[in-house]
>>> print(open('data_8.pdb').read())   # PDB, C-alpha atoms
ATOM      1  CA  PHE F  62       9.803  16.546  -1.724
ATOM      2  CA  HIS F  63       8.565  13.027  -0.981
ATOM      3  CA  GLN F  64      12.134  11.736  -0.781
ATOM      4  CA  ASN F  65      13.097  14.427   1.744
ATOM      5  CA  ILE F  66      10.172  13.517   3.996
ATOM      6  CA  ASP F  67      10.945   9.828   3.602
ATOM      7  CA  VAL F  68      14.573  10.345   4.602
ATOM      8  CA  PHE F  69      13.556  12.495   7.570
ATOM      9  CA  TYR F  70      11.174   9.884   8.936
ATOM     10  CA  ASN F  71      13.447   6.930   8.269
ATOM     11  CA  SER F  72      16.390   8.604  10.002
ATOM     12  CA  HIS F  73      14.485   8.118  13.254
ATOM     13  CA  ALA F  74      13.007   4.732  12.424
ATOM     14  CA  GLU F  75      16.147   2.626  12.950
ATOM     15  CA  GLU F  76      16.808   4.163  16.345
ATOM     16  CA  SER F  77      13.199   3.568  17.386
ATOM     17  CA  PHE F  78      13.416  -0.040  16.203
ATOM     18  CA  PHE F  79      16.283  -0.804  18.560
ATOM     19  CA  GLU F  80      14.482   1.021  21.359
ATOM     20  CA  PHE F  81      11.541  -1.275  20.713
ATOM     21  CA  ASN F  82      13.634  -4.413  21.108
ATOM     22  CA  LYS F  83      15.258  -3.021  24.236
ATOM     23  CA  HIS F  84      11.783  -2.302  25.601
ATOM     24  CA  PHE F  85      10.466  -5.708  24.549
ATOM     25  CA  ASN F  86      13.024  -7.603  26.572
ATOM     26  CA  ASN F  87      12.819  -5.357  29.618
ATOM     27  CA  PRO F  88      11.123  -7.454  32.347
ATOM     28  CA  ILE F  89      10.002  -4.406  34.324
ATOM     29  CA  LEU F  90       8.318  -2.725  31.362
ATOM     30  CA  ASN F  91       6.748  -6.010  30.278
ATOM     31  CA  LYS F  92       4.888  -6.138  33.580
ATOM     32  CA  ILE F  93       3.403  -2.747  32.811
ATOM     33  CA  GLU F  94       2.629  -3.166  29.131
ATOM     34  CA  ASP F  95       1.519  -6.293  27.335
ATOM     35  CA  LYS F  96       3.908  -7.506  24.642
ATOM     36  CA  ASN F  97       1.103  -7.591  22.090
ATOM     37  CA  ILE F  98       0.512  -3.889  22.664
ATOM     38  CA  THR F  99       4.222  -3.254  22.204
ATOM     39  CA  LEU F 100       4.171  -5.167  18.917
ATOM     40  CA  PHE F 101       1.144  -3.212  17.769
ATOM     41  CA  LYS F 102       2.788   0.115  18.607
ATOM     42  CA  LYS F 103       5.901  -0.915  16.732
ATOM     43  CA  GLU F 104       3.912  -1.783  13.602
ATOM     44  CA  MET F 105       1.818   1.362  13.798
ATOM     45  CA  PHE F 106       4.932   3.497  14.239
ATOM     46  CA  ARG F 107       6.616   1.811  11.278
ATOM     47  CA  PHE F 108       3.616   2.697   9.132
ATOM     48  CA  LEU F 109       3.046   6.275  10.314
ATOM     49  CA  SER F 110       6.750   7.163  10.327
ATOM     50  CA  ASN F 111       7.152   6.492   6.605
ATOM     51  CA  PHE F 112       5.397   9.075   4.434
ATOM     52  CA  MET F 113       5.659   7.015   1.247
ATOM     53  CA  TYR F 114       4.322   3.951   3.061
ATOM     54  CA  VAL F 115       1.243   5.915   4.123
ATOM     55  CA  LEU F 116       0.752   7.594   0.748
ATOM     56  CA  ASN F 117       1.174   4.517  -1.449
ATOM     57  CA  MET F 118      -0.538   1.912   0.712
ATOM     58  CA  SER F 119      -3.573   3.833   1.971
ATOM     59  CA  MET F 120      -4.503   5.965  -1.007
ATOM     60  CA  GLY F 121      -7.916   4.305  -1.286
ATOM     61  CA  THR F 122      -9.074   5.176   2.220
ATOM     62  CA  ILE F 123      -7.547   8.658   1.914
ATOM     63  CA  MET F 124      -9.663   9.251  -1.202
ATOM     64  CA  LEU F 125     -12.719   7.860   0.575
ATOM     65  CA  VAL F 126     -12.366  10.199   3.545
ATOM     66  CA  ILE F 127     -11.683  13.223   1.338
ATOM     67  CA  GLY F 128     -14.768  12.425  -0.743
ATOM     68  CA  SER F 129     -17.064  11.989   2.248
ATOM     69  CA  PHE F 130     -15.893  15.194   3.922
ATOM     70  CA  TYR F 131     -16.241  17.066   0.646
ATOM     71  CA  LEU F 132     -19.913  16.057   0.566
ATOM     72  CA  LEU F 133     -20.275  16.903   4.249
ATOM     73  CA  PHE F 134     -19.118  20.485   3.694
ATOM     74  CA  ASN F 135     -20.885  20.863   0.336
ATOM     75  CA  GLN F 136     -24.310  19.513   1.198
ATOM     76  CA  ASN F 137     -25.976  21.663  -1.470
ATOM     77  CA  ILE F 138     -24.989  19.082  -4.091
ATOM     78  CA  ILE F 139     -26.600  16.189  -2.179
ATOM     79  CA  SER F 140     -30.069  16.949  -3.588
ATOM     80  CA  GLU F 141     -28.627  16.974  -7.115
ATOM     81  CA  ILE F 142     -26.964  13.616  -6.519
ATOM     82  CA  LEU F 143     -30.213  12.149  -5.157
ATOM     83  CA  MET F 144     -32.122  13.394  -8.197
ATOM     84  CA  GLU F 145     -29.613  11.659 -10.470
ATOM     85  CA  VAL F 146     -29.776   8.508  -8.338
ATOM     86  CA  ASN F 147     -33.583   8.400  -8.517
ATOM     87  CA  LEU F 148     -33.378   8.487 -12.319
ATOM     88  CA  ILE F 149     -30.972   5.534 -12.431
ATOM     89  CA  LEU F 150     -31.857   3.247  -9.519
ATOM     90  CA  ASP F 151     -34.111   2.687  -6.548
ATOM     91  CA  VAL F 152     -32.906   4.903  -3.694
ATOM     92  CA  ASN F 153     -33.401   1.956  -1.302
ATOM     93  CA  THR F 154     -30.507   0.189  -2.994
ATOM     94  CA  LEU F 155     -28.122   3.144  -2.563
ATOM     95  CA  PRO F 156     -26.355   1.581   0.483
ATOM     96  CA  VAL F 157     -25.315  -1.377  -1.675
ATOM     97  CA  TYR F 158     -23.669   0.949  -4.197
ATOM     98  CA  LEU F 159     -21.942   2.842  -1.395
ATOM     99  CA  LEU F 160     -20.583  -0.402   0.068
ATOM    100  CA  ALA F 161     -19.435  -1.458  -3.401
ATOM    101  CA  LEU F 162     -17.499   1.815  -3.645
ATOM    102  CA  ILE F 163     -16.003   1.266  -0.183
ATOM    103  CA  THR F 164     -15.046  -2.284  -1.210
ATOM    104  CA  VAL F 165     -12.947  -1.046  -4.127
ATOM    105  CA  LEU F 166     -11.270   1.855  -2.312
ATOM    106  CA  SER F 167     -10.605  -0.052   0.940
ATOM    107  CA  SER F 168      -9.060  -2.980  -0.913
ATOM    108  CA  MET F 169      -6.308  -0.632  -2.100
ATOM    109  CA  THR F 170      -5.184  -0.222   1.530
ATOM    110  CA  CYS F 171      -3.058  -3.342   1.972
ATOM    111  CA  ILE F 172      -0.043  -2.452   4.097
ATOM    112  CA  THR F 173       0.491  -6.060   5.204
ATOM    113  CA  CYS F 174       1.640  -7.084   1.725
ATOM    114  CA  VAL F 175       5.010  -5.440   2.502
ATOM    115  CA  SER F 176       5.049  -5.410   6.310
ATOM    116  CA  ILE F 177       7.187  -8.558   6.629
ATOM    117  CA  SER F 178       9.603  -7.414   3.921
ATOM    118  CA  LEU F 179      10.105  -4.111   5.747
ATOM    119  CA  GLU F 180      11.624  -6.032   8.649
ATOM    120  CA  GLY F 181      14.626  -6.234   6.339
ATOM    121  CA  LEU F 182      17.723  -8.130   7.362
ATOM    122  CA  GLN F 183      16.688  -7.520  10.969
ATOM    123  CA  ILE F 184      13.903 -10.057  10.551
ATOM    124  CA  TRP F 185      15.959 -12.431  12.707
ATOM    125  CA  ILE F 186      15.134 -10.199  15.677
ATOM    126  CA  SER F 187      11.403 -10.827  15.221
ATOM    127  CA  LYS F 188      12.089 -14.547  14.875
ATOM    128  CA  THR F 189      13.909 -14.658  18.213
ATOM    129  CA  LEU F 190      11.460 -12.571  20.248
ATOM    130  CA  PRO F 191       9.975 -14.418  23.251
ATOM    131  CA  ILE F 192       6.508 -14.482  21.716
ATOM    132  CA  ASP F 193       4.415 -16.694  19.442
ATOM    133  CA  THR F 194       5.159 -15.898  15.781
ATOM    134  CA  PHE F 195       1.438 -15.839  15.025
ATOM    135  CA  GLU F 196       1.088 -12.876  17.384
ATOM    136  CA  ILE F 197       3.554 -10.994  15.182
ATOM    137  CA  PHE F 198       1.161 -11.637  12.302
ATOM    138  CA  LEU F 199      -1.762 -10.431  14.397
ATOM    139  CA  SER F 200      -0.054  -7.133  15.217
ATOM    140  CA  LYS F 201       0.510  -6.460  11.513
ATOM    141  CA  ILE F 202      -3.045  -7.513  10.654
ATOM    142  CA  LEU F 203      -4.511  -5.323  13.403
ATOM    143  CA  VAL F 204      -2.749  -2.196  12.129
ATOM    144  CA  ASN F 205      -4.034  -2.803   8.588
ATOM    145  CA  PHE F 206      -7.484  -3.615   9.992
ATOM    146  CA  ILE F 207      -7.709  -0.340  11.903
ATOM    147  CA  ILE F 208      -6.428   1.702   8.979
ATOM    148  CA  ILE F 209      -9.238   0.288   6.826
ATOM    149  CA  VAL F 210     -12.118   0.111   9.315
ATOM    150  CA  VAL F 211     -11.818   3.531  10.977
ATOM    151  CA  PRO F 212     -11.831   5.742   7.842
ATOM    152  CA  SER F 213     -14.233   3.430   5.964
ATOM    153  CA  LEU F 214     -16.762   3.372   8.789
ATOM    154  CA  LEU F 215     -16.391   7.117   9.328
ATOM    155  CA  SER F 216     -17.041   7.818   5.645
ATOM    156  CA  TYR F 217     -19.903   5.319   5.480
ATOM    157  CA  SER F 218     -21.518   6.929   8.546
ATOM    158  CA  ILE F 219     -21.306  10.328   6.850
ATOM    159  CA  PHE F 220     -22.968   8.859   3.748
ATOM    160  CA  ILE F 221     -25.716   7.333   5.918
ATOM    161  CA  VAL F 222     -26.499  10.724   7.473
ATOM    162  CA  LEU F 223     -26.220  12.792   4.304
ATOM    163  CA  PHE F 224     -28.361  10.502   2.154
ATOM    164  CA  LYS F 225     -30.845   9.848   5.000
ATOM    165  CA  ILE F 226     -30.427   6.086   4.844
ATOM    166  CA  ASP F 227     -32.052   3.847   7.476
ATOM    167  CA  LEU F 228     -29.771   3.358  10.477
ATOM    168  CA  TYR F 229     -29.922  -0.444  10.348
ATOM    169  CA  TRP F 230     -27.717  -0.157   7.262
ATOM    170  CA  LEU F 231     -25.018   1.217   9.550
ATOM    171  CA  ILE F 232     -24.874  -2.111  11.404
ATOM    172  CA  VAL F 233     -24.970  -4.042   8.124
ATOM    173  CA  GLY F 234     -22.168  -1.874   6.776
ATOM    174  CA  LEU F 235     -20.084  -2.297   9.929
ATOM    175  CA  ILE F 236     -20.227  -6.099   9.693
ATOM    176  CA  TYR F 237     -19.402  -6.036   5.991
ATOM    177  CA  ILE F 238     -16.502  -3.580   6.384
ATOM    178  CA  VAL F 239     -15.004  -5.597   9.279
ATOM    179  CA  LEU F 240     -15.034  -8.803   7.216
ATOM    180  CA  LEU F 241     -13.619  -6.947   4.198
ATOM    181  CA  ALA F 242     -10.825  -5.428   6.306
ATOM    182  CA  MET F 243      -9.861  -8.827   7.723
ATOM    183  CA  PHE F 244      -9.707 -10.269   4.208
ATOM    184  CA  VAL F 245      -7.456  -7.501   2.877
ATOM    185  CA  SER F 246      -5.203  -7.606   5.956
ATOM    186  CA  MET F 247      -4.713 -11.382   6.001
ATOM    187  CA  ILE F 248      -4.266 -11.893   2.276
ATOM    188  CA  GLY F 249      -1.563  -9.214   2.401
ATOM    189  CA  ILE F 250       0.394 -11.210   4.995
ATOM    190  CA  ILE F 251       0.020 -14.391   2.937
ATOM    191  CA  ILE F 252       1.229 -12.657  -0.231
ATOM    192  CA  ASN F 253       4.262 -11.239   1.577
ATOM    193  CA  LEU F 254       5.108 -14.672   2.977
ATOM    194  CA  PHE F 255       5.248 -16.013  -0.577
ATOM    195  CA  PHE F 256       7.125 -13.025  -2.012
ATOM    196  CA  PRO F 257       9.399 -11.603   0.705
ATOM    197  CA  LYS F 258      12.039  -9.013  -0.167
ATOM    198  CA  ILE F 259      14.291  -8.427   2.809
ATOM    199  CA  ASN F 260      17.395  -7.297   0.891
ATOM    200  CA  PHE F 261      16.948  -3.669  -0.068
ATOM    201  CA  ASP F 262      18.755  -0.335   0.169
ATOM    202  CA  ARG F 263      15.717   1.859   0.820
ATOM    203  CA  GLU F 264      12.244   0.997   2.058
ATOM    204  CA  ILE F 265      10.669   2.670  -0.963
ATOM    205  CA  GLN F 266      12.015  -0.206  -3.075
ATOM    206  CA  VAL F 267       9.836  -2.614  -1.110
ATOM    207  CA  ILE F 268       6.815  -0.323  -0.999
ATOM    208  CA  LYS F 269       6.705   0.570  -4.701
ATOM    209  CA  GLN F 270       8.815  -1.967  -6.588
ATOM    210  CA  SER F 271       8.494  -5.354  -4.899
ATOM    211  CA  ILE F 272       6.474  -8.277  -6.257
ATOM    212  CA  SER F 273       4.464  -8.523  -3.042
ATOM    213  CA  SER F 274       3.438  -4.872  -3.279
ATOM    214  CA  PHE F 275       2.311  -5.293  -6.893
ATOM    215  CA  VAL F 276       0.449  -8.554  -6.254
ATOM    216  CA  GLY F 277      -1.097  -7.285  -3.021
ATOM    217  CA  ILE F 278      -2.578  -4.156  -4.564
ATOM    218  CA  PHE F 279      -3.762  -5.617  -7.865
ATOM    219  CA  LEU F 280      -5.022  -8.943  -6.504
ATOM    220  CA  ASN F 281      -7.096  -7.098  -3.901
ATOM    221  CA  LEU F 282      -8.304  -4.685  -6.563
ATOM    222  CA  PHE F 283      -9.273  -7.565  -8.853
ATOM    223  CA  VAL F 284     -11.198  -9.348  -6.088
ATOM    224  CA  SER F 285     -12.906  -6.138  -4.945
ATOM    225  CA  LEU F 286     -14.000  -5.292  -8.488
ATOM    226  CA  GLY F 287     -15.430  -8.799  -8.803
ATOM    227  CA  ILE F 288     -17.320  -8.459  -5.527
ATOM    228  CA  SER F 289     -18.539  -4.974  -6.445
ATOM    229  CA  TYR F 290     -19.711  -6.246  -9.835
ATOM    230  CA  PHE F 291     -21.643  -8.979  -8.051
ATOM    231  CA  LEU F 292     -23.170  -6.559  -5.544
ATOM    232  CA  VAL F 293     -24.372  -4.218  -8.282
ATOM    233  CA  ASN F 294     -25.457  -6.701 -10.949
ATOM    234  CA  MET F 295     -26.977  -9.374  -8.711
ATOM    235  CA  LEU F 296     -28.783  -6.781  -6.624
ATOM    236  CA  ASP F 297     -32.278  -7.763  -5.527
ATOM    237  CA  GLN F 298     -34.336  -4.563  -5.610
ATOM    238  CA  ASN F 299     -36.747  -5.927  -3.008
ATOM    239  CA  TYR F 300     -34.124  -7.408  -0.669
ATOM    240  CA  PRO F 301     -30.912  -5.404  -1.146
ATOM    241  CA  ILE F 302     -29.613  -6.537   2.234
ATOM    242  CA  LEU F 303     -29.531 -10.123   0.928
ATOM    243  CA  THR F 304     -26.889  -9.128  -1.619
ATOM    244  CA  ILE F 305     -24.669  -7.690   1.115
ATOM    245  CA  PHE F 306     -25.214 -10.822   3.193
ATOM    246  CA  ILE F 307     -23.909 -12.986   0.336
ATOM    247  CA  GLY F 308     -20.877 -10.748  -0.120
ATOM    248  CA  ALA F 309     -20.175 -10.752   3.621
ATOM    249  CA  THR F 310     -20.469 -14.549   3.727
ATOM    250  CA  PHE F 311     -17.887 -14.820   0.935
ATOM    251  CA  TYR F 312     -15.441 -12.694   2.924
ATOM    252  CA  LEU F 313     -16.198 -14.594   6.145
ATOM    253  CA  ILE F 314     -15.385 -17.966   4.563
ATOM    254  CA  LEU F 315     -12.111 -16.662   3.143
ATOM    255  CA  ASP F 316     -11.214 -14.983   6.447
ATOM    256  CA  VAL F 317     -11.587 -18.295   8.285
ATOM    257  CA  CYS F 318      -9.539 -20.133   5.640
ATOM    258  CA  PHE F 319      -6.769 -17.525   5.750
ATOM    259  CA  TYR F 320      -6.690 -17.622   9.562
ATOM    260  CA  ILE F 321      -6.279 -21.402   9.555
ATOM    261  CA  TRP F 322      -3.563 -21.251   6.876
ATOM    262  CA  LEU F 323      -1.584 -18.599   8.746
ATOM    263  CA  LYS F 324      -1.818 -20.617  11.957
ATOM    264  CA  LYS F 325      -0.828 -23.896  10.349
ATOM    265  CA  TYR F 326       1.563 -22.975   7.536
ATOM    266  CA  GLY F 327       2.243 -19.236   7.753
ATOM    267  CA  VAL F 328       4.357 -19.427  10.900
ATOM    268  CA  ARG F 329       6.588 -22.094   9.366
ATOM    269  CA  ARG F 330       6.996 -20.063   6.184
ATOM    270  CA  PHE F 331       7.919 -16.947   8.187
ATOM    271  CA  LEU F 332      10.635 -18.816  10.081
ATOM    272  CA  ASP F 333      12.093 -20.070   6.765
ATOM    273  CA  ILE F 334      12.617 -16.535   5.413
ATOM    274  CA  ASN F 335      16.284 -15.603   5.314
TER     275      ASN F 335
END
>>> encode(input="data_8.pdb", output="structure tokens")
Amino acid sequence: FHQNIDVFYNSHAEESFFEFNKHFNNPILNKIEDKNITLFKKEMFRFLSNFMYVLNMSMGTIMLVIGSFYLLFNQNIISEILMEVNLILDVNTLPVYLLALITVLSSMTCITCVSISLEGLQIWISKTLPIDTFEIFLSKILVNFIIIVVPSLLSYSIFIVLFKIDLYWLIVGLIYIVLLAMFVSMIGIIINLFFPKINFDREIQVIKQSISSFVGIFLNLFVSLGISYFLVNMLDQNYPILTIFIGATFYLILDVCFYIWLKKYGVRRFLDIN
């Protein structure tokens, strides 16, 4: 069943790819639509048009959304959950545990770890586009960023309402999720630059069997479990927000380092892929 859907989507993908390049170099259309928007649309289409890409690379956020909506439509079990929570921990620290859960599930959504490989042997087209190579990275990062932030923030907002958590935690959560999403998105690009696989027969080989896919998923999972362990075990009962601040600072520092590396060395590495 999955293979049939994959073949159906991919039968239209190649045609759309050439339409994209025709569009990209059309001077009239470029006056109407910014090239960065065109790049973003291309990356988003590549992701949404491949069922196996969506299923394998965004399972974490899919599970998160399903779980939050299950609670939303079965609110009778919320009181039971709160009773269990009160027996185990201080209810004021519940947002930290929720963000730890989001950290683990969101980290499994790393589509950038294969996004360069999926260019395939047509990667030369991206290299010759009249645009800064770093902007190609940004379009891939932005798609991954949106795919993490939107469902994660939606689910977190539902948790905030259902568990009657103070609204200032929504702002704290937003900042933390944004920094987390940037980390996952940029480290995926870096991993794929080190382990590109542009020779393949079917895209599923890149998505499920490539080194970059394996490293991207499990490295992110390892880091997220470490961060979640820290959030839960180093939790200050009196100042739970301080724990999130430390975690967010960790992600912020790495985000800045990754940005600098991609700017300085990533572009050169991309151009050397053949």
>>> atom_distance(input="data_8.pdb", atom1="atom CA of Phe291 of chain F", atom2="atom CA of Ser167 of chain F")
16.8 Å
>>> atom_distance(input="data_8.pdb", atom1="atom CA of Met295 of chain F", atom2="atom CA of Val157 of chain F")
10.8 Å
>>> residues_around(input="data_8.pdb", residues="segment 173-190 of chain F", least_positions_apart="5", cutoff="9 Å", atoms="all atoms listed in the file", output="JSON, numbers by chain")
{"F": [82, 85, 86, 104, 107, 108, 197, 198, 201, 202, 204, 205, 245, 246, 247, 248, 249, 250, 251, 252, 253, 254, 256, 257, 258, 259, 260, 261, 264, 267, 268, 271, 273, 274, 275, 276, 277, 278, 331, 332, 334, 335]}
>>> atom_distance(input="data_8.pdb", atom1="atom CA of Phe244 of chain F", atom2="atom CA of Asp297 of chain F")
24.7 Å
>>> closest_residue(input="data_8.pdb", among="F:Ala242, F:Met118, F:Ile219, F:Leu303", to="Ile207 of chain F", atoms="only C-alpha atoms")
F:Ala242
>>> axis_aligned_box(input="data_8.pdb", around="segment 152-159 of chain F", padding_each_side="3 Å", output="AutoDock Vina command-line options")
--center_x -27.7 --center_y 1.8 --center_z -1.9 --size_x 17.5 --size_y 12.3 --size_z 10.7
>>> closest_residue(input="data_8.pdb", among="F:Val239, F:Leu280, F:Leu228, F:Ile127", to="Val211 of chain F", atoms="all atoms listed in the file")
F:Val239
>>> closest_residue(input="data_8.pdb", among="F:Phe224, F:Phe306, F:Tyr229, F:Phe255", to="Glu141 of chain F", atoms="only C-alpha atoms")
F:Phe224
>>> build_atoms(input="data_8.pdb", residues="segment 107-135 of chain F", atoms="N, CA and C atoms", output="PDB file, in the frame of the given file")
ATOM      1  N   ARG F 107       5.935   2.072  12.554  1.00  0.00           N
ATOM      2  CA  ARG F 107       6.616   1.811  11.278  1.00  0.00           C
ATOM      3  C   ARG F 107       5.791   2.366  10.120  1.00  0.00           C
ATOM      4  N   PHE F 108       4.484   2.209  10.200  1.00  0.00           N
ATOM      5  CA  PHE F 108       3.616   2.697   9.132  1.00  0.00           C
ATOM      6  C   PHE F 108       3.555   4.228   9.118  1.00  0.00           C
ATOM      7  N   LEU F 109       3.249   4.828  10.263  1.00  0.00           N
ATOM      8  CA  LEU F 109       3.046   6.275  10.314  1.00  0.00           C
ATOM      9  C   LEU F 109       4.331   7.072  10.139  1.00  0.00           C
ATOM     10  N   SER F 110       5.485   6.444  10.408  1.00  0.00           N
ATOM     11  CA  SER F 110       6.750   7.163  10.327  1.00  0.00           C
ATOM     12  C   SER F 110       7.335   7.187   8.913  1.00  0.00           C
ATOM     13  N   ASN F 111       6.655   6.532   7.975  1.00  0.00           N
ATOM     14  CA  ASN F 111       7.152   6.492   6.605  1.00  0.00           C
ATOM     15  C   ASN F 111       6.102   7.108   5.687  1.00  0.00           C
ATOM     16  N   PHE F 112       6.366   8.331   5.237  1.00  0.00           N
ATOM     17  CA  PHE F 112       5.397   9.075   4.434  1.00  0.00           C
ATOM     18  C   PHE F 112       4.992   8.321   3.177  1.00  0.00           C
ATOM     19  N   MET F 113       5.959   7.729   2.479  1.00  0.00           N
ATOM     20  CA  MET F 113       5.659   7.015   1.247  1.00  0.00           C
ATOM     21  C   MET F 113       4.864   5.744   1.515  1.00  0.00           C
ATOM     22  N   TYR F 114       5.089   5.136   2.646  1.00  0.00           N
ATOM     23  CA  TYR F 114       4.322   3.951   3.061  1.00  0.00           C
ATOM     24  C   TYR F 114       2.849   4.335   3.217  1.00  0.00           C
ATOM     25  N   VAL F 115       2.609   5.434   3.910  1.00  0.00           N
ATOM     26  CA  VAL F 115       1.243   5.915   4.123  1.00  0.00           C
ATOM     27  C   VAL F 115       0.597   6.300   2.797  1.00  0.00           C
ATOM     28  N   LEU F 116       1.316   7.061   1.985  1.00  0.00           N
ATOM     29  CA  LEU F 116       0.752   7.594   0.748  1.00  0.00           C
ATOM     30  C   LEU F 116       0.439   6.495  -0.259  1.00  0.00           C
ATOM     31  N   ASN F 117       1.346   5.542  -0.420  1.00  0.00           N
ATOM     32  CA  ASN F 117       1.174   4.517  -1.449  1.00  0.00           C
ATOM     33  C   ASN F 117       0.238   3.393  -1.019  1.00  0.00           C
ATOM     34  N   MET F 118       0.222   3.069   0.266  1.00  0.00           N
ATOM     35  CA  MET F 118      -0.538   1.912   0.712  1.00  0.00           C
ATOM     36  C   MET F 118      -1.910   2.236   1.299  1.00  0.00           C
ATOM     37  N   SER F 119      -2.248   3.500   1.435  1.00  0.00           N
ATOM     38  CA  SER F 119      -3.573   3.833   1.971  1.00  0.00           C
ATOM     39  C   SER F 119      -4.278   4.892   1.141  1.00  0.00           C
ATOM     40  N   MET F 120      -3.917   4.964  -0.132  1.00  0.00           N
ATOM     41  CA  MET F 120      -4.503   5.965  -1.007  1.00  0.00           C
ATOM     42  C   MET F 120      -6.014   5.802  -1.123  1.00  0.00           C
ATOM     43  N   GLY F 121      -6.489   4.548  -1.148  1.00  0.00           N
ATOM     44  CA  GLY F 121      -7.916   4.305  -1.286  1.00  0.00           C
ATOM     45  C   GLY F 121      -8.738   4.905  -0.156  1.00  0.00           C
ATOM     46  N   THR F 122      -8.330   4.645   1.078  1.00  0.00           N
ATOM     47  CA  THR F 122      -9.074   5.176   2.220  1.00  0.00           C
ATOM     48  C   THR F 122      -8.902   6.686   2.340  1.00  0.00           C
ATOM     49  N   ILE F 123      -7.747   7.202   1.916  1.00  0.00           N
ATOM     50  CA  ILE F 123      -7.547   8.658   1.914  1.00  0.00           C
ATOM     51  C   ILE F 123      -8.551   9.312   0.964  1.00  0.00           C
ATOM     52  N   MET F 124      -8.706   8.737  -0.228  1.00  0.00           N
ATOM     53  CA  MET F 124      -9.663   9.251  -1.202  1.00  0.00           C
ATOM     54  C   MET F 124     -11.095   9.158  -0.668  1.00  0.00           C
ATOM     55  N   LEU F 125     -11.376   8.061   0.025  1.00  0.00           N
ATOM     56  CA  LEU F 125     -12.719   7.860   0.575  1.00  0.00           C
ATOM     57  C   LEU F 125     -13.059   8.929   1.611  1.00  0.00           C
ATOM     58  N   VAL F 126     -12.133   9.192   2.503  1.00  0.00           N
ATOM     59  CA  VAL F 126     -12.366  10.199   3.545  1.00  0.00           C
ATOM     60  C   VAL F 126     -12.490  11.593   2.933  1.00  0.00           C
ATOM     61  N   ILE F 127     -11.619  11.912   1.987  1.00  0.00           N
ATOM     62  CA  ILE F 127     -11.683  13.223   1.338  1.00  0.00           C
ATOM     63  C   ILE F 127     -13.035  13.399   0.643  1.00  0.00           C
ATOM     64  N   GLY F 128     -13.489  12.356  -0.044  1.00  0.00           N
ATOM     65  CA  GLY F 128     -14.768  12.425  -0.743  1.00  0.00           C
ATOM     66  C   GLY F 128     -15.945  12.620   0.193  1.00  0.00           C
ATOM     67  N   SER F 129     -15.950  11.883   1.301  1.00  0.00           N
ATOM     68  CA  SER F 129     -17.064  11.989   2.248  1.00  0.00           C
ATOM     69  C   SER F 129     -17.094  13.348   2.933  1.00  0.00           C
ATOM     70  N   PHE F 130     -15.923  13.877   3.282  1.00  0.00           N
ATOM     71  CA  PHE F 130     -15.893  15.194   3.922  1.00  0.00           C
ATOM     72  C   PHE F 130     -16.200  16.311   2.925  1.00  0.00           C
ATOM     73  N   TYR F 131     -15.869  16.087   1.670  1.00  0.00           N
ATOM     74  CA  TYR F 131     -16.241  17.066   0.646  1.00  0.00           C
ATOM     75  C   TYR F 131     -17.763  17.184   0.568  1.00  0.00           C
ATOM     76  N   LEU F 132     -18.445  16.039   0.582  1.00  0.00           N
ATOM     77  CA  LEU F 132     -19.913  16.057   0.566  1.00  0.00           C
ATOM     78  C   LEU F 132     -20.472  16.662   1.841  1.00  0.00           C
ATOM     79  N   LEU F 133     -19.802  16.382   2.967  1.00  0.00           N
ATOM     80  CA  LEU F 133     -20.275  16.903   4.249  1.00  0.00           C
ATOM     81  C   LEU F 133     -20.262  18.420   4.274  1.00  0.00           C
ATOM     82  N   PHE F 134     -19.242  19.027   3.679  1.00  0.00           N
ATOM     83  CA  PHE F 134     -19.118  20.485   3.694  1.00  0.00           C
ATOM     84  C   PHE F 134     -19.683  21.148   2.426  1.00  0.00           C
ATOM     85  N   ASN F 135     -20.234  20.332   1.538  1.00  0.00           N
ATOM     86  CA  ASN F 135     -20.885  20.863   0.336  1.00  0.00           C
ATOM     87  C   ASN F 135     -22.227  20.159   0.153  1.00  0.00           C
TER      88      ASN F 135
END
